[in-house]
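Okay, work31.tsv now, which holds TSV, C-alpha atoms:
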```
chain	number	residue	atom	x	y	z
A	1	MET	CA	2.45	28.21	-30.42
A	2	ASN	CA	1.38	27.54	-26.84
A	3	LYS	CA	3.99	26.23	-24.40
A	4	ARG	CA	2.34	22.82	-24.01
A	5	LEU	CA	2.24	22.06	-27.74
A	6	GLU	CA	5.80	23.38	-28.07
A	7	GLN	CA	7.02	20.86	-25.47
A	8	GLN	CA	5.17	18.03	-27.18
A	9	ILE	CA	6.59	18.91	-30.58
A	10	LEU	CA	10.10	19.18	-29.13
A	11	PHE	CA	9.78	15.67	-27.69
A	12	ILE	CA	8.46	14.26	-30.98
A	13	LEU	CA	11.45	15.80	-32.78
A	14	GLU	CA	13.90	14.52	-30.15
A	15	ILE	CA	12.80	10.90	-30.40
A	16	ASP	CA	13.61	10.85	-34.11
A	17	LYS	CA	17.08	9.92	-32.83
A	18	LEU	CA	15.82	6.46	-31.90
A	19	LYS	CA	15.95	5.62	-35.63
A	20	ASN	CA	19.73	5.79	-35.41
A	21	ILE	CA	20.13	3.51	-32.38
A	22	VAL	CA	21.40	0.21	-33.74
A	23	ARG	CA	20.56	-3.09	-32.04
A	24	ARG	CA	22.38	-6.43	-32.24
A	25	THR	CA	19.49	-8.09	-34.06
A	26	PHE	CA	19.67	-8.55	-37.83
A	27	LEU	CA	16.71	-7.95	-40.13
A	28	LEU	CA	15.28	-11.22	-41.40
A	29	ASP	CA	16.93	-10.70	-44.81
A	30	GLU	CA	20.24	-10.11	-42.93
A	31	SER	CA	20.86	-6.97	-45.01
A	32	ARG	CA	21.64	-4.91	-41.90
A	33	LEU	CA	21.14	-4.60	-38.14
A	34	GLU	CA	17.77	-3.42	-36.89
A	35	ASN	CA	17.29	-0.03	-35.26
A	36	THR	CA	15.32	0.54	-32.08
A	37	ALA	CA	12.51	2.63	-33.61
A	38	GLU	CA	11.56	-0.05	-36.13
A	39	HIS	CA	11.91	-2.76	-33.47
A	40	SER	CA	9.44	-0.81	-31.30
A	41	TRP	CA	6.97	-0.73	-34.21
A	42	HIS	CA	7.38	-4.44	-34.89
A	43	ALA	CA	6.87	-5.34	-31.23
A	44	ALA	CA	3.77	-3.13	-30.96
A	45	VAL	CA	2.17	-4.85	-33.96
A	46	ALA	CA	3.03	-8.23	-32.40
A	47	VAL	CA	1.19	-7.16	-29.23
A	48	LEU	CA	-1.95	-6.43	-31.26
A	49	LEU	CA	-1.82	-9.84	-32.93
A	50	LEU	CA	-0.76	-12.07	-30.04
A	51	SER	CA	-2.55	-10.63	-27.00
A	52	GLU	CA	-5.05	-13.53	-27.12
A	53	TYR	CA	-2.28	-15.76	-25.73
A	54	ALA	CA	-2.03	-13.81	-22.48
A	55	PRO	CA	-3.44	-15.82	-19.57
A	56	HIS	CA	-5.77	-12.96	-18.53
A	57	THR	CA	-7.70	-10.20	-20.26
A	58	LEU	CA	-5.32	-7.27	-20.50
A	59	ASP	CA	-5.47	-3.53	-21.22
A	60	ILE	CA	-4.11	-3.64	-24.76
A	61	LEU	CA	-3.68	0.13	-25.14
A	62	ARG	CA	-1.51	0.13	-22.02
A	63	ILE	CA	0.70	-2.64	-23.42
A	64	VAL	CA	1.01	-0.91	-26.78
A	65	LYS	CA	1.94	2.37	-25.08
A	66	MET	CA	4.65	0.59	-23.09
A	67	MET	CA	5.97	-1.08	-26.21
A	68	LEU	CA	6.09	2.18	-28.15
A	69	ILE	CA	8.03	4.08	-25.47
A	70	HIS	CA	10.00	1.33	-23.67
A	71	ASP	CA	13.27	1.88	-25.55
A	72	ILE	CA	13.24	5.68	-25.96
A	73	VAL	CA	15.84	5.84	-23.16
A	74	GLU	CA	18.31	4.25	-25.59
A	75	ILE	CA	18.65	7.66	-27.27
A	76	ASP	CA	20.96	8.59	-24.39
A	77	ALA	CA	21.83	5.18	-22.90
A	78	GLY	CA	22.43	3.24	-26.14
A	79	ASP	CA	21.25	-0.30	-26.78
A	80	THR	CA	22.60	-2.78	-24.22
A	81	PHE	CA	22.98	-6.28	-25.62
A	82	LEU	CA	20.96	-8.83	-23.63
A	83	TYR	CA	23.96	-11.14	-23.28
A	84	ASP	CA	26.49	-8.42	-22.36
A	85	ASP	CA	27.02	-8.96	-18.61
A	86	SER	CA	29.27	-5.95	-18.04
A	87	GLY	CA	27.02	-3.60	-20.05
A	88	ASN	CA	24.04	-4.77	-18.02
A	89	GLN	CA	25.69	-3.86	-14.71
A	90	ASP	CA	25.16	-0.11	-15.11
A	91	LYS	CA	22.26	-0.31	-17.58
A	92	ALA	CA	19.63	0.62	-14.99
A	93	ASP	CA	21.49	3.77	-13.93
A	94	ARG	CA	22.19	4.89	-17.49
A	95	GLU	CA	18.60	4.34	-18.53
A	96	ARG	CA	17.17	6.06	-15.45
A	97	ALA	CA	19.19	9.18	-16.23
A	98	ALA	CA	18.00	9.02	-19.83
A	99	ALA	CA	14.36	8.68	-18.75
A	100	ASP	CA	14.77	11.70	-16.47
A	101	ARG	CA	16.10	13.86	-19.29
A	102	LEU	CA	13.91	12.65	-22.14
A	103	PHE	CA	10.46	12.29	-20.60
A	104	THR	CA	10.72	15.63	-18.80
A	105	LEU	CA	10.89	17.37	-22.17
A	106	LEU	CA	7.12	16.77	-22.16
A	107	PRO	CA	4.45	18.65	-20.18
A	108	GLU	CA	4.42	17.48	-16.58
A	109	ASP	CA	1.35	15.21	-16.79
A	110	GLN	CA	2.60	13.39	-19.88
A	111	ALA	CA	6.13	13.13	-18.49
A	112	ALA	CA	4.70	11.51	-15.36
A	113	GLU	CA	2.56	9.10	-17.40
A	114	LEU	CA	5.44	7.96	-19.58
A	115	CYS	CA	7.82	7.63	-16.61
A	116	LEU	CA	5.29	5.44	-14.83
A	117	LEU	CA	4.74	3.31	-17.93
A	118	TRP	CA	8.48	2.90	-18.36
A	119	ASP	CA	8.91	1.91	-14.67
A	120	GLU	CA	6.06	-0.57	-14.99
A	121	PHE	CA	7.73	-2.13	-18.02
A	122	GLU	CA	11.14	-2.30	-16.38
A	123	GLU	CA	9.81	-3.75	-13.13
A	124	ARG	CA	7.35	-6.18	-14.78
A	125	SER	CA	5.00	-5.12	-12.02
A	126	THR	CA	1.69	-5.79	-13.82
A	127	PRO	CA	0.31	-8.46	-16.18
A	128	GLU	CA	0.47	-5.83	-18.96
A	129	ALA	CA	4.18	-5.23	-18.31
A	130	LYS	CA	4.85	-8.98	-18.18
A	131	PHE	CA	3.21	-9.41	-21.56
A	132	ALA	CA	5.13	-6.50	-23.09
A	133	ARG	CA	8.44	-7.74	-21.69
A	134	GLY	CA	7.79	-11.25	-22.96
A	135	LEU	CA	7.11	-10.09	-26.51
A	136	ASP	CA	10.14	-7.82	-26.37
A	137	ARG	CA	12.19	-11.02	-25.84
A	138	LEU	CA	10.26	-13.19	-28.28
A	139	LEU	CA	10.89	-11.00	-31.31
A	140	PRO	CA	14.72	-11.06	-31.27
A	141	LEU	CA	14.55	-14.79	-30.53
A	142	MET	CA	12.48	-15.24	-33.69
A	143	HIS	CA	14.89	-13.06	-35.68
A	144	ASN	CA	17.77	-15.21	-34.50
A	145	TYR	CA	16.03	-18.47	-35.29
A	146	TYR	CA	14.91	-17.43	-38.77
A	147	THR	CA	18.39	-16.08	-39.62
A	148	LYS	CA	20.00	-19.35	-38.45
A	149	GLY	CA	21.40	-17.86	-35.26
A	150	SER	CA	23.01	-14.78	-36.88
A	151	THR	CA	23.49	-12.78	-33.66
A	152	TRP	CA	24.02	-15.79	-31.39
A	153	ARG	CA	26.84	-17.15	-33.55
A	154	LYS	CA	28.49	-13.75	-33.85
A	155	HIS	CA	28.59	-13.29	-30.07
A	156	ASN	CA	29.12	-16.93	-28.95
A	157	VAL	CA	25.79	-17.09	-27.16
A	158	THR	CA	24.89	-20.53	-25.72
A	159	SER	CA	21.53	-22.25	-25.31
A	160	ASP	CA	21.77	-21.92	-21.51
A	161	MET	CA	22.10	-18.15	-21.84
A	162	VAL	CA	19.16	-18.00	-24.24
A	163	ARG	CA	16.93	-20.19	-22.03
A	164	LYS	CA	17.76	-18.14	-18.96
A	165	GLN	CA	17.20	-14.71	-20.53
A	166	ASN	CA	14.03	-15.71	-22.33
A	167	ALA	CA	12.31	-17.60	-19.52
A	168	ILE	CA	10.27	-14.48	-18.71
A	169	ILE	CA	8.29	-15.18	-21.89
A	170	ALA	CA	6.48	-17.80	-19.78
A	171	ASP	CA	5.03	-14.98	-17.65
A	172	ALA	CA	3.66	-13.33	-20.77
A	173	SER	CA	2.08	-16.51	-22.08
A	174	PRO	CA	2.70	-20.22	-21.46
A	175	GLU	CA	1.72	-20.92	-25.08
A	176	LEU	CA	4.22	-18.40	-26.49
A	177	TRP	CA	6.93	-19.76	-24.16
A	178	GLU	CA	6.21	-23.23	-25.51
A	179	PHE	CA	6.71	-21.83	-29.02
A	180	ALA	CA	9.94	-20.10	-27.92
A	181	ARG	CA	11.26	-23.30	-26.34
A	182	THR	CA	10.65	-25.17	-29.57
A	183	LEU	CA	12.66	-22.54	-31.47
A	184	ILE	CA	15.51	-22.77	-28.95
A	185	GLN	CA	15.64	-26.58	-29.04
A	186	ASP	CA	15.47	-26.62	-32.83
A	187	SER	CA	18.27	-24.03	-32.93
A	188	VAL	CA	20.46	-26.35	-30.88
A	189	ASP	CA	19.58	-29.33	-33.09
A	190	LYS	CA	20.40	-27.33	-36.21
A	191	LYS	CA	23.63	-25.90	-34.72
A	192	TYR	CA	22.40	-22.28	-34.85
A	193	LEU	CA	23.13	-22.15	-31.13
A	194	LEU	CA	25.89	-23.69	-28.99
A	195	GLU	CA	24.65	-26.25	-26.41
B	1	MET	CA	2.48	-25.24	-33.37
B	2	ASN	CA	-1.23	-24.74	-33.98
B	3	LYS	CA	-2.36	-23.39	-37.34
B	4	ARG	CA	-3.60	-20.08	-35.93
B	5	LEU	CA	-0.33	-19.20	-34.19
B	6	GLU	CA	1.58	-20.34	-37.28
B	7	GLN	CA	-0.35	-17.84	-39.44
B	8	GLN	CA	0.23	-15.05	-36.93
B	9	ILE	CA	3.96	-15.75	-36.74
B	10	LEU	CA	4.20	-15.90	-40.54
B	11	PHE	CA	2.59	-12.45	-40.77
B	12	ILE	CA	4.89	-11.01	-38.10
B	13	LEU	CA	7.90	-12.32	-40.04
B	14	GLU	CA	6.54	-11.02	-43.36
B	15	ILE	CA	6.10	-7.45	-42.15
B	16	ASP	CA	9.79	-7.24	-41.24
B	17	LYS	CA	10.10	-6.18	-44.91
B	18	LEU	CA	8.54	-2.80	-44.06
B	19	LYS	CA	11.90	-1.86	-42.52
B	20	ASN	CA	13.37	-1.84	-46.02
B	21	ILE	CA	10.70	0.35	-47.62
B	22	VAL	CA	12.31	3.76	-48.07
B	23	ARG	CA	10.25	6.95	-47.95
B	24	ARG	CA	11.05	10.40	-49.41
B	25	THR	CA	11.35	11.95	-45.94
B	26	PHE	CA	14.79	12.55	-44.44
B	27	LEU	CA	15.58	11.87	-40.79
B	28	LEU	CA	15.94	15.11	-38.84
B	29	ASP	CA	19.74	14.78	-38.86
B	30	GLU	CA	19.53	14.30	-42.67
B	31	SER	CA	21.82	11.26	-42.42
B	32	ARG	CA	19.48	9.14	-44.55
B	33	LEU	CA	15.91	8.69	-45.75
B	34	GLU	CA	13.38	7.31	-43.32
B	35	ASN	CA	11.86	3.83	-43.71
B	36	THR	CA	8.18	3.08	-43.34
B	37	ALA	CA	8.44	0.90	-40.21
B	38	GLU	CA	10.16	3.60	-38.18
B	39	HIS	CA	7.78	6.24	-39.57
B	40	SER	CA	4.85	4.11	-38.36
B	41	TRP	CA	6.39	3.99	-34.88
B	42	HIS	CA	6.99	7.74	-34.82
B	43	ALA	CA	3.43	8.49	-35.94
B	44	ALA	CA	1.95	6.11	-33.35
B	45	VAL	CA	3.86	7.85	-30.54
B	46	ALA	CA	2.67	11.21	-31.88
B	47	VAL	CA	-0.93	9.96	-31.65
B	48	LEU	CA	-0.44	9.12	-27.98
B	49	LEU	CA	0.94	12.58	-27.25
B	50	LEU	CA	-1.31	14.79	-29.40
B	51	SER	CA	-4.74	13.16	-29.16
B	52	GLU	CA	-5.87	15.93	-26.78
B	53	TYR	CA	-6.02	18.25	-29.82
B	54	ALA	CA	-8.72	16.20	-31.52
B	55	PRO	CA	-12.06	18.05	-31.47
B	56	HIS	CA	-13.87	15.04	-29.93
B	57	THR	CA	-13.03	12.26	-27.51
B	58	LEU	CA	-11.63	9.46	-29.63
B	59	ASP	CA	-10.87	5.75	-29.31
B	60	ILE	CA	-7.08	6.02	-28.97
B	61	LEU	CA	-6.37	2.30	-29.31
B	62	ARG	CA	-8.23	2.32	-32.62
B	63	ILE	CA	-6.14	5.24	-33.91
B	64	VAL	CA	-2.89	3.63	-32.77
B	65	LYS	CA	-3.84	0.35	-34.45
B	66	MET	CA	-4.54	2.19	-37.70
B	67	MET	CA	-1.26	4.03	-37.46
B	68	LEU	CA	0.70	0.83	-36.83
B	69	ILE	CA	-0.78	-1.03	-39.81
B	70	HIS	CA	-1.65	1.75	-42.29
B	71	ASP	CA	1.48	1.43	-44.41
B	72	ILE	CA	2.03	-2.35	-44.32
B	73	VAL	CA	0.66	-2.48	-47.88
B	74	GLU	CA	3.84	-0.69	-48.98
B	75	ILE	CA	5.68	-4.01	-48.67
B	76	ASP	CA	4.14	-4.90	-52.03
B	77	ALA	CA	3.02	-1.52	-53.36
B	78	GLY	CA	6.08	0.54	-52.41
B	79	ASP	CA	5.96	4.04	-50.96
B	80	THR	CA	4.14	6.50	-53.21
B	81	PHE	CA	5.38	10.07	-52.83
B	82	LEU	CA	2.58	12.43	-51.80
B	83	TYR	CA	3.45	14.88	-54.57
B	84	ASP	CA	3.88	12.26	-57.35
B	85	ASP	CA	0.69	12.70	-59.43
B	86	SER	CA	1.32	9.79	-61.79
B	87	GLY	CA	2.26	7.40	-58.97
B	88	ASN	CA	-0.90	8.35	-57.14
B	89	GLN	CA	-3.11	7.44	-60.12
B	90	ASP	CA	-2.80	3.68	-59.58
B	91	LYS	CA	-1.86	3.81	-55.89
B	92	ALA	CA	-5.27	2.67	-54.68
B	93	ASP	CA	-5.27	-0.42	-56.93
B	94	ARG	CA	-1.71	-1.39	-56.03
B	95	GLU	CA	-2.36	-0.99	-52.34
B	96	ARG	CA	-5.66	-2.87	-52.47
B	97	ALA	CA	-3.93	-5.87	-54.05
B	98	ALA	CA	-1.22	-5.65	-51.38
B	99	ALA	CA	-3.79	-5.53	-48.57
B	100	ASP	CA	-5.52	-8.60	-50.04
B	101	ARG	CA	-2.29	-10.59	-50.06
B	102	LEU	CA	-0.75	-9.41	-46.81
B	103	PHE	CA	-3.65	-9.26	-44.37
B	104	THR	CA	-4.99	-12.64	-45.50
B	105	LEU	CA	-1.80	-14.27	-44.24
B	106	LEU	CA	-3.48	-13.84	-40.84
B	107	PRO	CA	-6.32	-15.93	-39.35
B	108	GLU	CA	-9.65	-14.89	-40.87
B	109	ASP	CA	-10.90	-12.77	-37.95
B	110	GLN	CA	-7.66	-10.79	-37.66
B	111	ALA	CA	-7.39	-10.39	-41.44
B	112	ALA	CA	-10.91	-8.95	-41.47
B	113	GLU	CA	-10.15	-6.58	-38.58
B	114	LEU	CA	-6.97	-5.23	-40.17
B	115	CYS	CA	-8.62	-4.88	-43.59
B	116	LEU	CA	-11.45	-2.88	-42.04
B	117	LEU	CA	-9.01	-0.67	-40.13
B	118	TRP	CA	-7.02	-0.07	-43.29
B	119	ASP	CA	-10.18	0.82	-45.26
B	120	GLU	CA	-11.27	3.16	-42.48
B	121	PHE	CA	-7.90	4.91	-42.59
B	122	GLU	CA	-7.89	5.18	-46.39
B	123	GLU	CA	-11.47	6.46	-46.57
B	124	ARG	CA	-11.18	8.81	-43.57
B	125	SER	CA	-14.63	7.55	-42.70
B	126	THR	CA	-14.50	8.12	-38.91
B	127	PRO	CA	-13.11	10.78	-36.53
B	128	GLU	CA	-10.41	8.26	-35.55
B	129	ALA	CA	-9.33	7.83	-39.19
B	130	LYS	CA	-9.37	11.60	-39.73
B	131	PHE	CA	-7.06	12.05	-36.77
B	132	ALA	CA	-4.70	9.29	-37.91
B	133	ARG	CA	-4.56	10.65	-41.46
B	134	GLY	CA	-3.91	14.16	-40.20
B	135	LEU	CA	-0.95	13.09	-38.07
B	136	ASP	CA	0.37	10.97	-40.93
B	137	ARG	CA	0.63	14.24	-42.91
B	138	LEU	CA	1.86	16.40	-40.04
B	139	LEU	CA	4.99	14.35	-39.33
B	140	PRO	CA	6.61	14.59	-42.79
B	141	LEU	CA	5.68	18.28	-42.85
B	142	MET	CA	7.58	18.72	-39.59
B	143	HIS	CA	10.54	16.74	-40.94
B	144	ASN	CA	10.63	18.99	-43.98
B	145	TYR	CA	10.41	22.19	-41.97
B	146	TYR	CA	13.10	21.21	-39.49
B	147	THR	CA	15.45	20.06	-42.27
B	148	LYS	CA	14.94	23.36	-44.13
B	149	GLY	CA	12.76	21.84	-46.83
B	150	SER	CA	15.06	18.91	-47.67
B	151	THR	CA	12.49	16.83	-49.56
B	152	TRP	CA	10.52	19.78	-50.95
B	153	ARG	CA	13.61	21.33	-52.49
B	154	LYS	CA	14.78	18.04	-53.95
B	155	HIS	CA	11.45	17.47	-55.69
B	156	ASN	CA	10.50	21.09	-56.54
B	157	VAL	CA	7.43	21.03	-54.35
B	158	THR	CA	5.58	24.36	-54.07
B	159	SER	CA	3.66	25.89	-51.16
B	160	ASP	CA	0.36	25.46	-53.06
B	161	MET	CA	1.00	21.72	-53.33
B	162	VAL	CA	1.88	21.51	-49.63
B	163	ARG	CA	-1.18	23.51	-48.54
B	164	LYS	CA	-3.49	21.40	-50.71
B	165	GLN	CA	-2.13	18.02	-49.61
B	166	ASN	CA	-1.96	18.91	-45.94
B	167	ALA	CA	-5.34	20.62	-45.58
B	168	ILE	CA	-6.79	17.37	-44.19
B	169	ILE	CA	-4.84	18.07	-41.00
B	170	ALA	CA	-7.66	20.54	-40.21
B	171	ASP	CA	-10.07	17.57	-39.93
B	172	ALA	CA	-7.77	15.96	-37.37
B	173	SER	CA	-7.45	19.09	-35.29
B	174	PRO	CA	-7.93	22.81	-36.00
B	175	GLU	CA	-5.13	23.58	-33.52
B	176	LEU	CA	-2.65	21.24	-35.24
B	177	TRP	CA	-3.63	22.65	-38.64
B	178	GLU	CA	-2.92	26.12	-37.30
B	179	PHE	CA	0.53	24.86	-36.26
B	180	ALA	CA	1.06	23.26	-39.68
B	181	ARG	CA	0.03	26.49	-41.47
B	182	THR	CA	2.58	28.40	-39.44
B	183	LEU	CA	5.30	25.96	-40.49
B	184	ILE	CA	4.26	26.24	-44.15
B	185	GLN	CA	4.21	30.06	-44.11
B	186	ASP	CA	7.53	30.20	-42.30
B	187	SER	CA	8.98	27.76	-44.84
B	188	VAL	CA	7.99	30.12	-47.64
B	189	ASP	CA	9.42	33.13	-45.79
B	190	LYS	CA	12.68	31.27	-45.22
B	191	LYS	CA	12.82	29.95	-48.81
B	192	TYR	CA	12.58	26.30	-47.77
B	193	LEU	CA	9.57	26.07	-50.05
B	194	LEU	CA	8.78	27.68	-53.41
B	195	GLU	CA	5.81	30.08	-53.35
```

Please express the file's structure as structure tokens.
Amino acid sequence: MNKRLEQQILFILEIDKLKNIVRRTFLLDESRLENTAEHSWHAAVAVLLLSEYAPHTLDILRIVKMMLIHDIVEIDAGDTFLYDDSGNQDKADRERAAADRLFTLLPEDQAAELCLLWDEFEERSTPEAKFARGLDRLLPLMHNYYTKGSTWRKHNVTSDMVRKQNAIIADASPELWEFARTLIQDSVDKKYLLE
Amino acid sequence: MNKRLEQQILFILEIDKLKNIVRRTFLLDESRLENTAEHSWHAAVAVLLLSEYAPHTLDILRIVKMMLIHDIVEIDAGDTFLYDDSGNQDKADRERAAADRLFTLLPEDQAAELCLLWDEFEERSTPEAKFARGLDRLLPLMHNYYTKGSTWRKHNVTSDMVRKQNAIIADASPELWEFARTLIQDSVDKKYLLE
């Protein structure tokens, strides 16, 4: 096998570990917590279906690529809960080290491409990244709403925290943020979420 | 919420069920069987990394879309094991009925697009579909090889069966088929696979 293909295969084998990274979000049937690999799939499909709500015409392949690789760093850095203030203090450093190790398993050109895509996503530096980041927030919000606040109730999350952390959905799409706001308000009304 | 967005959200919620569809393939650490949602993610990332081995320049977004949606029908039809001859007899009918129910949850234009993509994948009617189908075979082959034939041994699969079912990888990429053939031969030599 040539060296290049060997590196690519090694990376593909390595990222199998993402299937064992457990998030705080419950599946909609509440049978178990979601893992990061299946979340990445779900979010990528959502991009395909909801991109029409972006305020501009976007490069869909670029968004899908970001969505597919954005959480691979969790193989080393673990999943950091959105509402965990102390975990989020060193999240950037932990994930940067993970990106350095994981993406450089690949041939140099592909490592560089994935690193750049991951930076773009993290920094929300383009309309594509803003859309990806918004959908990455919208999905767990939906899971919480449709499981009557399962994760929020477990971790004493309040509506202020949810509004603050999800406000970036507005940069993805005003229409999707309007939808998200309706879910948040209805969650308060129905006592899924503390006011 | 407008009707169109409502249909899209309903579909996104419905496909959460794919995370509970269990395949015959083991994770590389053999801790459990893989589910179809995380397999779809893994295969989509593999497309991004290996498309350079396709014999022609392909529409990558089209392949990734196919990969992300190709197994959604398993929500209704279940996962049919590649080497289960009786299960494969009515697979097409079961999956067609599933596609009719699931994709038509979406607005008409998106339902039509996903149905066409799914047909294209099933029929291997384009170079994009041939590439997607090839990688969809290559990944479980890799999982089997790197877990010393875990699924093959459990189900008494022979090397003839593996060679026959995986030969379509050659239509995705001669180079990747060469890699796959090496894994198969080495599996026989190492007794992971019955000759």

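Closest approach to Leu58 in chain A among A:Asn35, A:Glu128, A:Asp189, A:His155: A:Glu128, based on all atoms listed in the file.
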
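Comparing the minimum interatomic distances between Ala44 in chain B and each of B:Asp136, B:Glu178, B:Asp171, B:Asp84, counting all atoms listed in the file, we find that B:Asp136 sits nearest.
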
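Nearest to chain B of all the residues A:Ala92, A:Ala132, A:Ala77, A:Leu138 is A:Leu138, based on all atoms listed in the file.
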
- Message: What are the residues of chain B lining chain A at 6 Å or less? Count only C-alpha atoms, and put the answer as a PyMOL selection string.
- Response: chain B and resi 37-38+41+61

What does the file look like for those residues with C-alpha atoms, as a compact mmCIF listing (two decimals), in the coordinates of the input?
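That gives us part09.txt:
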```txt
# COMPACT_ATOMS: atom_id res chain seq x y z
CA ALA B 37 8.44 0.90 -40.21
CA GLU B 38 10.16 3.60 -38.18
CA TRP B 41 6.39 3.99 -34.88
CA LEU B 61 -6.37 2.30 -29.31
```

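What separates CA of Val73 in chain B from CA of Ala111 in chain B is a distance of 13.0 Å.
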